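Engineer: For reference, this is start16.cif, and it has mmCIF, N, CA and C atoms.
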```cif
data_model
loop_
_atom_site.label_atom_id
_atom_site.label_comp_id
_atom_site.auth_asym_id
_atom_site.auth_seq_id
_atom_site.Cartn_x
_atom_site.Cartn_y
_atom_site.Cartn_z
N MET E 8 115.89 79.44 164.03
CA MET E 8 115.83 80.75 164.64
C MET E 8 116.70 81.74 163.87
N TYR E 9 117.93 81.33 163.54
CA TYR E 9 118.85 82.19 162.81
C TYR E 9 118.26 82.59 161.47
N LYS E 10 117.64 81.64 160.76
CA LYS E 10 117.04 81.94 159.45
C LYS E 10 115.88 82.93 159.59
N THR E 11 115.11 82.79 160.64
CA THR E 11 113.98 83.70 160.86
C THR E 11 114.48 85.11 161.10
N VAL E 12 115.47 85.28 161.95
CA VAL E 12 116.02 86.60 162.24
C VAL E 12 116.64 87.20 160.98
N LEU E 13 117.37 86.40 160.23
CA LEU E 13 117.98 86.87 158.99
C LEU E 13 116.91 87.29 157.99
N SER E 14 115.85 86.53 157.87
CA SER E 14 114.76 86.88 156.96
C SER E 14 114.11 88.20 157.35
N ILE E 15 113.86 88.39 158.62
CA ILE E 15 113.25 89.63 159.09
C ILE E 15 114.17 90.81 158.80
N CYS E 16 115.46 90.64 159.04
CA CYS E 16 116.42 91.72 158.76
C CYS E 16 116.43 92.08 157.28
N LEU E 17 116.40 91.09 156.42
CA LEU E 17 116.40 91.34 154.98
C LEU E 17 115.12 92.06 154.55
N ILE E 18 113.99 91.67 155.08
CA ILE E 18 112.72 92.32 154.74
C ILE E 18 112.74 93.78 155.18
N VAL E 19 113.18 94.05 156.40
CA VAL E 19 113.24 95.42 156.90
C VAL E 19 114.18 96.25 156.04
N PHE E 20 115.35 95.71 155.70
CA PHE E 20 116.30 96.43 154.86
C PHE E 20 115.71 96.71 153.48
N ALA E 21 115.06 95.73 152.86
CA ALA E 21 114.48 95.91 151.52
C ALA E 21 113.38 96.96 151.55
N CYS E 22 112.54 96.93 152.55
CA CYS E 22 111.44 97.89 152.63
C CYS E 22 111.96 99.31 152.85
N SER E 23 112.95 99.48 153.70
CA SER E 23 113.48 100.82 153.96
C SER E 23 114.23 101.34 152.74
N ALA E 24 114.94 100.49 152.01
CA ALA E 24 115.65 100.92 150.81
C ALA E 24 114.66 101.32 149.73
N ASN E 25 113.59 100.57 149.56
CA ASN E 25 112.58 100.88 148.55
C ASN E 25 111.85 102.18 148.88
N LYS E 26 111.56 102.42 150.13
CA LYS E 26 110.88 103.64 150.54
C LYS E 26 111.73 104.86 150.18
N ASP E 27 113.01 104.83 150.47
CA ASP E 27 113.90 105.94 150.14
C ASP E 27 113.96 106.16 148.64
N LYS E 28 113.97 105.10 147.86
CA LYS E 28 114.04 105.21 146.41
C LYS E 28 112.81 105.92 145.86
N LYS E 29 111.63 105.62 146.36
CA LYS E 29 110.41 106.27 145.90
C LYS E 29 110.47 107.77 146.15
N VAL E 30 110.95 108.18 147.30
CA VAL E 30 111.01 109.60 147.63
C VAL E 30 111.97 110.32 146.68
N GLU E 31 113.07 109.69 146.31
CA GLU E 31 114.02 110.29 145.39
C GLU E 31 113.44 110.41 143.98
N LEU E 32 112.71 109.43 143.52
CA LEU E 32 112.24 109.40 142.16
C LEU E 32 111.11 110.39 141.90
N VAL E 33 110.18 110.54 142.82
CA VAL E 33 109.00 111.35 142.58
C VAL E 33 108.72 112.22 143.79
N ALA E 34 108.72 113.52 143.59
CA ALA E 34 108.33 114.42 144.68
C ALA E 34 106.83 114.62 144.61
N SER E 35 106.14 114.38 145.69
CA SER E 35 104.69 114.48 145.70
C SER E 35 104.20 114.79 147.10
N THR E 36 103.03 115.44 147.16
CA THR E 36 102.42 115.68 148.47
C THR E 36 101.51 114.54 148.87
N ASN E 37 101.24 113.59 147.95
CA ASN E 37 100.41 112.43 148.28
C ASN E 37 101.13 111.54 149.27
N SER E 38 100.37 110.71 149.98
CA SER E 38 100.99 109.78 150.90
C SER E 38 101.79 108.73 150.13
N ASN E 39 101.37 108.39 148.91
CA ASN E 39 102.14 107.50 148.05
C ASN E 39 102.36 108.21 146.73
N PRO E 40 103.60 108.58 146.42
CA PRO E 40 103.87 109.36 145.21
C PRO E 40 103.58 108.63 143.91
N TYR E 41 103.39 107.33 143.95
CA TYR E 41 103.11 106.57 142.73
C TYR E 41 101.62 106.39 142.48
N SER E 42 100.79 106.81 143.39
CA SER E 42 99.35 106.65 143.26
C SER E 42 98.78 107.82 142.46
N ILE E 43 98.07 107.52 141.38
CA ILE E 43 97.45 108.53 140.53
C ILE E 43 95.94 108.40 140.68
N ASP E 44 95.29 109.45 141.18
CA ASP E 44 93.84 109.44 141.35
C ASP E 44 93.21 109.78 140.01
N ILE E 45 92.74 108.77 139.28
CA ILE E 45 92.22 109.00 137.93
C ILE E 45 90.88 109.71 137.93
N SER E 46 90.16 109.71 139.05
CA SER E 46 88.88 110.40 139.08
C SER E 46 89.06 111.91 138.94
N ASN E 47 90.25 112.41 139.23
CA ASN E 47 90.54 113.83 139.06
C ASN E 47 91.02 114.16 137.65
N ILE E 48 91.31 113.15 136.85
CA ILE E 48 91.88 113.35 135.52
C ILE E 48 90.86 113.07 134.42
N THR E 49 90.06 112.04 134.58
CA THR E 49 89.14 111.62 133.51
C THR E 49 88.19 112.74 133.12
N GLY E 50 88.13 113.01 131.83
CA GLY E 50 87.25 114.03 131.30
C GLY E 50 87.73 115.46 131.51
N ALA E 51 88.90 115.63 132.10
CA ALA E 51 89.43 116.97 132.37
C ALA E 51 90.13 117.54 131.14
N LYS E 52 90.20 118.85 131.08
CA LYS E 52 90.93 119.53 130.01
C LYS E 52 92.42 119.54 130.35
N LEU E 53 93.25 119.84 129.35
CA LEU E 53 94.70 119.79 129.52
C LEU E 53 95.18 120.63 130.69
N GLU E 54 94.70 121.83 130.83
CA GLU E 54 95.17 122.70 131.93
C GLU E 54 94.84 122.10 133.30
N GLN E 55 93.69 121.46 133.42
CA GLN E 55 93.32 120.82 134.69
C GLN E 55 94.25 119.64 134.96
N VAL E 56 94.55 118.84 133.94
CA VAL E 56 95.43 117.68 134.12
C VAL E 56 96.83 118.16 134.50
N LYS E 57 97.30 119.23 133.86
CA LYS E 57 98.62 119.79 134.20
C LYS E 57 98.67 120.25 135.64
N SER E 58 97.58 120.80 136.16
CA SER E 58 97.58 121.25 137.55
C SER E 58 97.67 120.08 138.53
N ILE E 59 97.27 118.90 138.07
CA ILE E 59 97.31 117.71 138.92
C ILE E 59 98.63 116.95 138.76
N LEU E 60 99.06 116.74 137.51
CA LEU E 60 100.23 115.90 137.23
C LEU E 60 101.52 116.69 136.98
N GLY E 61 101.42 118.00 136.85
CA GLY E 61 102.60 118.80 136.59
C GLY E 61 102.79 119.04 135.10
N GLU E 62 103.90 119.66 134.75
CA GLU E 62 104.18 119.98 133.36
C GLU E 62 104.43 118.71 132.55
N PRO E 63 103.97 118.69 131.30
CA PRO E 63 104.17 117.51 130.45
C PRO E 63 105.65 117.28 130.14
N SER E 64 106.00 116.02 129.98
CA SER E 64 107.36 115.66 129.58
C SER E 64 107.43 115.37 128.08
N MET E 65 106.29 115.24 127.42
CA MET E 65 106.22 115.06 125.97
C MET E 65 104.82 115.34 125.49
N SER E 66 104.71 115.66 124.18
CA SER E 66 103.39 115.81 123.57
C SER E 66 103.51 115.59 122.07
N GLN E 67 102.44 115.08 121.48
CA GLN E 67 102.42 114.83 120.04
C GLN E 67 100.99 114.62 119.58
N ASN E 68 100.75 114.83 118.30
CA ASN E 68 99.45 114.52 117.71
C ASN E 68 99.45 113.06 117.30
N VAL E 69 98.35 112.36 117.55
CA VAL E 69 98.24 110.94 117.23
C VAL E 69 96.91 110.70 116.52
N ASN E 70 96.84 109.57 115.82
CA ASN E 70 95.63 109.15 115.11
C ASN E 70 95.32 107.69 115.42
N PRO E 71 94.86 107.37 116.63
CA PRO E 71 94.54 105.98 116.93
C PRO E 71 93.37 105.51 116.07
N SER E 72 93.41 104.24 115.70
CA SER E 72 92.33 103.71 114.87
C SER E 72 91.01 103.72 115.62
N ASN E 73 89.93 103.88 114.87
CA ASN E 73 88.57 103.88 115.40
C ASN E 73 88.32 104.94 116.46
N ALA E 74 89.03 106.07 116.36
CA ALA E 74 88.84 107.14 117.33
C ALA E 74 88.60 108.45 116.57
N PRO E 75 87.85 109.35 117.18
CA PRO E 75 87.56 110.63 116.54
C PRO E 75 88.77 111.57 116.62
N CYS E 76 89.77 111.31 115.79
CA CYS E 76 91.03 112.04 115.88
C CYS E 76 91.41 112.60 114.53
N PRO E 77 92.42 113.47 114.42
CA PRO E 77 93.64 113.50 115.22
C PRO E 77 93.39 114.02 116.64
N CYS E 78 94.21 113.50 117.56
CA CYS E 78 94.08 113.83 118.97
C CYS E 78 95.44 114.25 119.51
N PHE E 79 95.42 114.86 120.66
CA PHE E 79 96.64 115.33 121.31
C PHE E 79 97.01 114.36 122.42
N LYS E 80 98.22 113.80 122.33
CA LYS E 80 98.73 112.86 123.35
C LYS E 80 99.79 113.58 124.16
N VAL E 81 99.67 113.50 125.48
CA VAL E 81 100.57 114.20 126.38
C VAL E 81 101.11 113.22 127.42
N GLY E 82 102.42 113.25 127.63
CA GLY E 82 103.06 112.41 128.64
C GLY E 82 103.42 113.23 129.87
N PHE E 83 103.21 112.65 131.02
CA PHE E 83 103.53 113.30 132.29
C PHE E 83 104.43 112.38 133.10
N LYS E 84 105.11 112.96 134.06
CA LYS E 84 105.94 112.20 135.01
C LYS E 84 106.94 111.31 134.27
N GLY E 85 107.63 111.90 133.28
CA GLY E 85 108.66 111.17 132.55
C GLY E 85 108.13 110.00 131.76
N GLY E 86 106.89 110.06 131.31
CA GLY E 86 106.27 108.96 130.58
C GLY E 86 105.53 107.98 131.46
N GLY E 87 105.49 108.24 132.76
CA GLY E 87 104.78 107.36 133.67
C GLY E 87 103.27 107.39 133.47
N VAL E 88 102.78 108.52 132.97
CA VAL E 88 101.35 108.67 132.70
C VAL E 88 101.21 109.31 131.32
N GLU E 89 100.41 108.68 130.45
CA GLU E 89 100.15 109.21 129.11
C GLU E 89 98.65 109.43 128.98
N VAL E 90 98.28 110.59 128.43
CA VAL E 90 96.86 110.94 128.29
C VAL E 90 96.60 111.35 126.85
N ILE E 91 95.57 110.75 126.25
CA ILE E 91 95.11 111.18 124.93
C ILE E 91 93.83 111.98 125.14
N PHE E 92 93.86 113.20 124.63
CA PHE E 92 92.72 114.11 124.76
C PHE E 92 91.87 114.00 123.51
N MET E 93 90.61 113.62 123.67
CA MET E 93 89.66 113.54 122.57
C MET E 93 88.60 114.60 122.80
N ASN E 94 88.39 115.39 121.76
CA ASN E 94 87.46 116.53 121.86
C ASN E 94 87.84 117.43 123.03
N GLY E 95 89.15 117.58 123.26
CA GLY E 95 89.65 118.48 124.28
C GLY E 95 89.61 117.96 125.70
N LYS E 96 89.21 116.69 125.90
CA LYS E 96 89.11 116.14 127.25
C LYS E 96 89.92 114.86 127.39
N ALA E 97 90.47 114.61 128.58
CA ALA E 97 91.24 113.40 128.86
C ALA E 97 90.34 112.19 128.73
N ASP E 98 90.64 111.34 127.75
CA ASP E 98 89.75 110.21 127.47
C ASP E 98 90.49 108.87 127.59
N TRP E 99 91.62 108.71 126.95
CA TRP E 99 92.40 107.46 127.06
C TRP E 99 93.60 107.75 127.94
N ILE E 100 93.74 107.01 129.03
CA ILE E 100 94.80 107.23 130.00
C ILE E 100 95.59 105.94 130.18
N THR E 101 96.90 106.02 130.00
CA THR E 101 97.78 104.88 130.24
C THR E 101 98.66 105.22 131.43
N ILE E 102 98.67 104.34 132.41
CA ILE E 102 99.50 104.52 133.59
C ILE E 102 100.53 103.39 133.60
N ASN E 103 101.79 103.77 133.43
CA ASN E 103 102.89 102.81 133.34
C ASN E 103 103.50 102.57 134.72
N SER E 104 103.97 101.35 134.94
CA SER E 104 104.63 100.99 136.18
C SER E 104 105.85 101.88 136.38
N PRO E 105 106.15 102.34 137.58
CA PRO E 105 105.66 101.90 138.88
C PRO E 105 104.41 102.64 139.36
N TYR E 106 103.87 103.54 138.55
CA TYR E 106 102.65 104.24 138.94
C TYR E 106 101.46 103.28 138.91
N TYR E 107 100.41 103.62 139.62
CA TYR E 107 99.18 102.83 139.58
C TYR E 107 98.02 103.76 139.89
N SER E 108 96.82 103.35 139.48
CA SER E 108 95.67 104.22 139.64
C SER E 108 94.91 103.92 140.92
N THR E 109 94.29 104.97 141.41
CA THR E 109 93.33 104.85 142.49
C THR E 109 92.12 105.70 142.09
N VAL E 110 91.00 105.42 142.66
CA VAL E 110 89.80 106.19 142.39
C VAL E 110 89.21 106.58 143.74
N SER E 111 89.05 107.89 143.97
CA SER E 111 88.59 108.33 145.27
C SER E 111 87.07 108.31 145.39
N SER E 112 86.38 108.21 144.27
CA SER E 112 84.92 108.17 144.32
C SER E 112 84.42 107.18 143.27
N ASN E 113 83.13 106.85 143.35
CA ASN E 113 82.57 105.96 142.34
C ASN E 113 82.59 106.68 141.00
N MET E 114 83.12 106.01 139.99
CA MET E 114 83.28 106.64 138.71
C MET E 114 83.03 105.60 137.63
N ALA E 115 82.24 105.95 136.64
CA ALA E 115 81.97 105.04 135.53
C ALA E 115 82.96 105.34 134.40
N VAL E 116 83.63 104.31 133.92
CA VAL E 116 84.51 104.44 132.77
C VAL E 116 84.11 103.37 131.76
N TYR E 117 84.45 103.60 130.51
CA TYR E 117 84.13 102.64 129.46
C TYR E 117 84.90 101.34 129.70
N SER E 118 86.18 101.45 130.04
CA SER E 118 87.00 100.26 130.24
C SER E 118 88.19 100.59 131.12
N HIS E 119 88.60 99.65 131.97
CA HIS E 119 89.79 99.79 132.81
C HIS E 119 90.47 98.43 132.84
N GLN E 120 91.61 98.34 132.17
CA GLN E 120 92.35 97.09 132.09
C GLN E 120 93.67 97.23 132.82
N LYS E 121 94.00 96.23 133.62
CA LYS E 121 95.27 96.22 134.36
C LYS E 121 96.13 95.08 133.84
N PHE E 122 97.39 95.42 133.55
CA PHE E 122 98.37 94.44 133.11
C PHE E 122 99.54 94.47 134.08
N SER E 123 100.51 93.62 133.88
CA SER E 123 101.62 93.54 134.84
C SER E 123 102.45 94.82 134.88
N ASP E 124 102.56 95.54 133.76
CA ASP E 124 103.42 96.71 133.75
C ASP E 124 102.71 98.03 133.39
N TYR E 125 101.40 97.98 133.16
CA TYR E 125 100.66 99.22 132.91
C TYR E 125 99.16 99.00 133.09
N GLU E 126 98.45 100.12 133.19
CA GLU E 126 96.99 100.13 133.24
C GLU E 126 96.49 100.99 132.10
N TYR E 127 95.33 100.64 131.57
CA TYR E 127 94.77 101.38 130.44
C TYR E 127 93.31 101.70 130.76
N ILE E 128 93.00 102.99 130.79
CA ILE E 128 91.67 103.44 131.12
C ILE E 128 91.08 104.18 129.92
N LYS E 129 89.89 103.78 129.49
CA LYS E 129 89.15 104.50 128.46
C LYS E 129 87.93 105.10 129.15
N VAL E 130 87.77 106.39 129.05
CA VAL E 130 86.71 107.07 129.77
C VAL E 130 85.38 106.95 129.02
N THR E 131 85.32 107.46 127.77
CA THR E 131 84.07 107.41 127.03
C THR E 131 84.20 106.83 125.62
N THR E 132 85.36 106.97 125.00
CA THR E 132 85.52 106.52 123.62
C THR E 132 86.08 105.12 123.57
N PRO E 133 85.40 104.17 122.90
CA PRO E 133 85.88 102.78 122.86
C PRO E 133 87.20 102.61 122.15
#
```
As structure tokens, how would this structure be written, given the file I've shared?

Structural biologist:
Amino acid sequence: MYKTVLSICLIVFACSANKDKKVELVASTNSNPYSIDISNITGAKLEQVKSILGEPSMSQNVNPSNAPCPCFKVGFKGGGVEVIFMNGKADWITINSPYYSTVSSNMAVYSHQKFSDYEYIKVTTP
């Protein structure tokens, strides 16, 4: 009985501490500040992505292999989300932990891979 009560107390404490930490790290109007709705980003132009994710925290020109580049790479949310714009549209999207993607509608993408610490979405360019 004592172990059960202690376990419940620890779980409640851990959950409440984690909840407060999320609110401090990311200010957002979403119900979960770490959830990124990629259906609003894929294929969008830079100004549209900025209106969703906020001002960029970094930007640079990149030349990924086998891609129609040079391309513009932009980081948002302190590097939590990185977007490579191909032909002026968000095409390769990397979402780093603790962020994660959600999709609010059915959306076709070329590839969506999930790893333990990041997700990689390719919209149209392989």

Engineer: Would you translate the PyMOL selection byres (((chain E and resi 63 and name CA) around 7) and name CA) into the concrete set of residues it matches in this file, as a ChimeraX atom specification?

Structural biologist: /E:61-62,64-65,81-83

Engineer: Any idea what the distance is between atom N of Asp98 in chain E and CA of Ser123 in chain E?

Structural biologist: 22.1 Å

Engineer: Evaluate the PyMOL selection byres (((chain E and resi 86-97 and name CA) around 8) and name CA) on the structure here and hand back the selected residues as a short mmCIF file (atom, residue, chain, number, x, y, z; two decimals) with N, CA and C atoms, keeping the file's coordinate frame.

Structural biologist:
```cif
data_model
loop_
_atom_site.label_atom_id
_atom_site.label_comp_id
_atom_site.auth_asym_id
_atom_site.auth_seq_id
_atom_site.Cartn_x
_atom_site.Cartn_y
_atom_site.Cartn_z
N ILE E 48 91.31 113.15 136.85
CA ILE E 48 91.88 113.35 135.52
C ILE E 48 90.86 113.07 134.42
N THR E 49 90.06 112.04 134.58
CA THR E 49 89.14 111.62 133.51
C THR E 49 88.19 112.74 133.12
N GLY E 50 88.13 113.01 131.83
CA GLY E 50 87.25 114.03 131.30
C GLY E 50 87.73 115.46 131.51
N ALA E 51 88.90 115.63 132.10
CA ALA E 51 89.43 116.97 132.37
C ALA E 51 90.13 117.54 131.14
N LYS E 52 90.20 118.85 131.08
CA LYS E 52 90.93 119.53 130.01
C LYS E 52 92.42 119.54 130.35
N LEU E 53 93.25 119.84 129.35
CA LEU E 53 94.70 119.79 129.52
C LEU E 53 95.18 120.63 130.69
N VAL E 56 94.55 118.84 133.94
CA VAL E 56 95.43 117.68 134.12
C VAL E 56 96.83 118.16 134.50
N SER E 64 106.00 116.02 129.98
CA SER E 64 107.36 115.66 129.58
C SER E 64 107.43 115.37 128.08
N MET E 65 106.29 115.24 127.42
CA MET E 65 106.22 115.06 125.97
C MET E 65 104.82 115.34 125.49
N PRO E 75 87.85 109.35 117.18
CA PRO E 75 87.56 110.63 116.54
C PRO E 75 88.77 111.57 116.62
N CYS E 76 89.77 111.31 115.79
CA CYS E 76 91.03 112.04 115.88
C CYS E 76 91.41 112.60 114.53
N CYS E 78 94.21 113.50 117.56
CA CYS E 78 94.08 113.83 118.97
C CYS E 78 95.44 114.25 119.51
N PHE E 79 95.42 114.86 120.66
CA PHE E 79 96.64 115.33 121.31
C PHE E 79 97.01 114.36 122.42
N LYS E 80 98.22 113.80 122.33
CA LYS E 80 98.73 112.86 123.35
C LYS E 80 99.79 113.58 124.16
N VAL E 81 99.67 113.50 125.48
CA VAL E 81 100.57 114.20 126.38
C VAL E 81 101.11 113.22 127.42
N GLY E 82 102.42 113.25 127.63
CA GLY E 82 103.06 112.41 128.64
C GLY E 82 103.42 113.23 129.87
N PHE E 83 103.21 112.65 131.02
CA PHE E 83 103.53 113.30 132.29
C PHE E 83 104.43 112.38 133.10
N LYS E 84 105.11 112.96 134.06
CA LYS E 84 105.94 112.20 135.01
C LYS E 84 106.94 111.31 134.27
N GLY E 85 107.63 111.90 133.28
CA GLY E 85 108.66 111.17 132.55
C GLY E 85 108.13 110.00 131.76
N ASP E 98 90.64 111.34 127.75
CA ASP E 98 89.75 110.21 127.47
C ASP E 98 90.49 108.87 127.59
N TRP E 99 91.62 108.71 126.95
CA TRP E 99 92.40 107.46 127.06
C TRP E 99 93.60 107.75 127.94
N ILE E 100 93.74 107.01 129.03
CA ILE E 100 94.80 107.23 130.00
C ILE E 100 95.59 105.94 130.18
N THR E 101 96.90 106.02 130.00
CA THR E 101 97.78 104.88 130.24
C THR E 101 98.66 105.22 131.43
N ILE E 102 98.67 104.34 132.41
CA ILE E 102 99.50 104.52 133.59
C ILE E 102 100.53 103.39 133.60
N ASN E 103 101.79 103.77 133.43
CA ASN E 103 102.89 102.81 133.34
C ASN E 103 103.50 102.57 134.72
N SER E 104 103.97 101.35 134.94
CA SER E 104 104.63 100.99 136.18
C SER E 104 105.85 101.88 136.38
N PRO E 105 106.15 102.34 137.58
CA PRO E 105 105.66 101.90 138.88
C PRO E 105 104.41 102.64 139.36
N TYR E 106 103.87 103.54 138.55
CA TYR E 106 102.65 104.24 138.94
C TYR E 106 101.46 103.28 138.91
N VAL E 130 87.77 106.39 129.05
CA VAL E 130 86.71 107.07 129.77
C VAL E 130 85.38 106.95 129.02
#
```

Engineer: Can you tell me how far CA of Tyr127 in chain E sits from CA of Val69 in chain E, in Å to one decimal?

Structural biologist: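 Between these atoms lies a distance of 16.7 Å.
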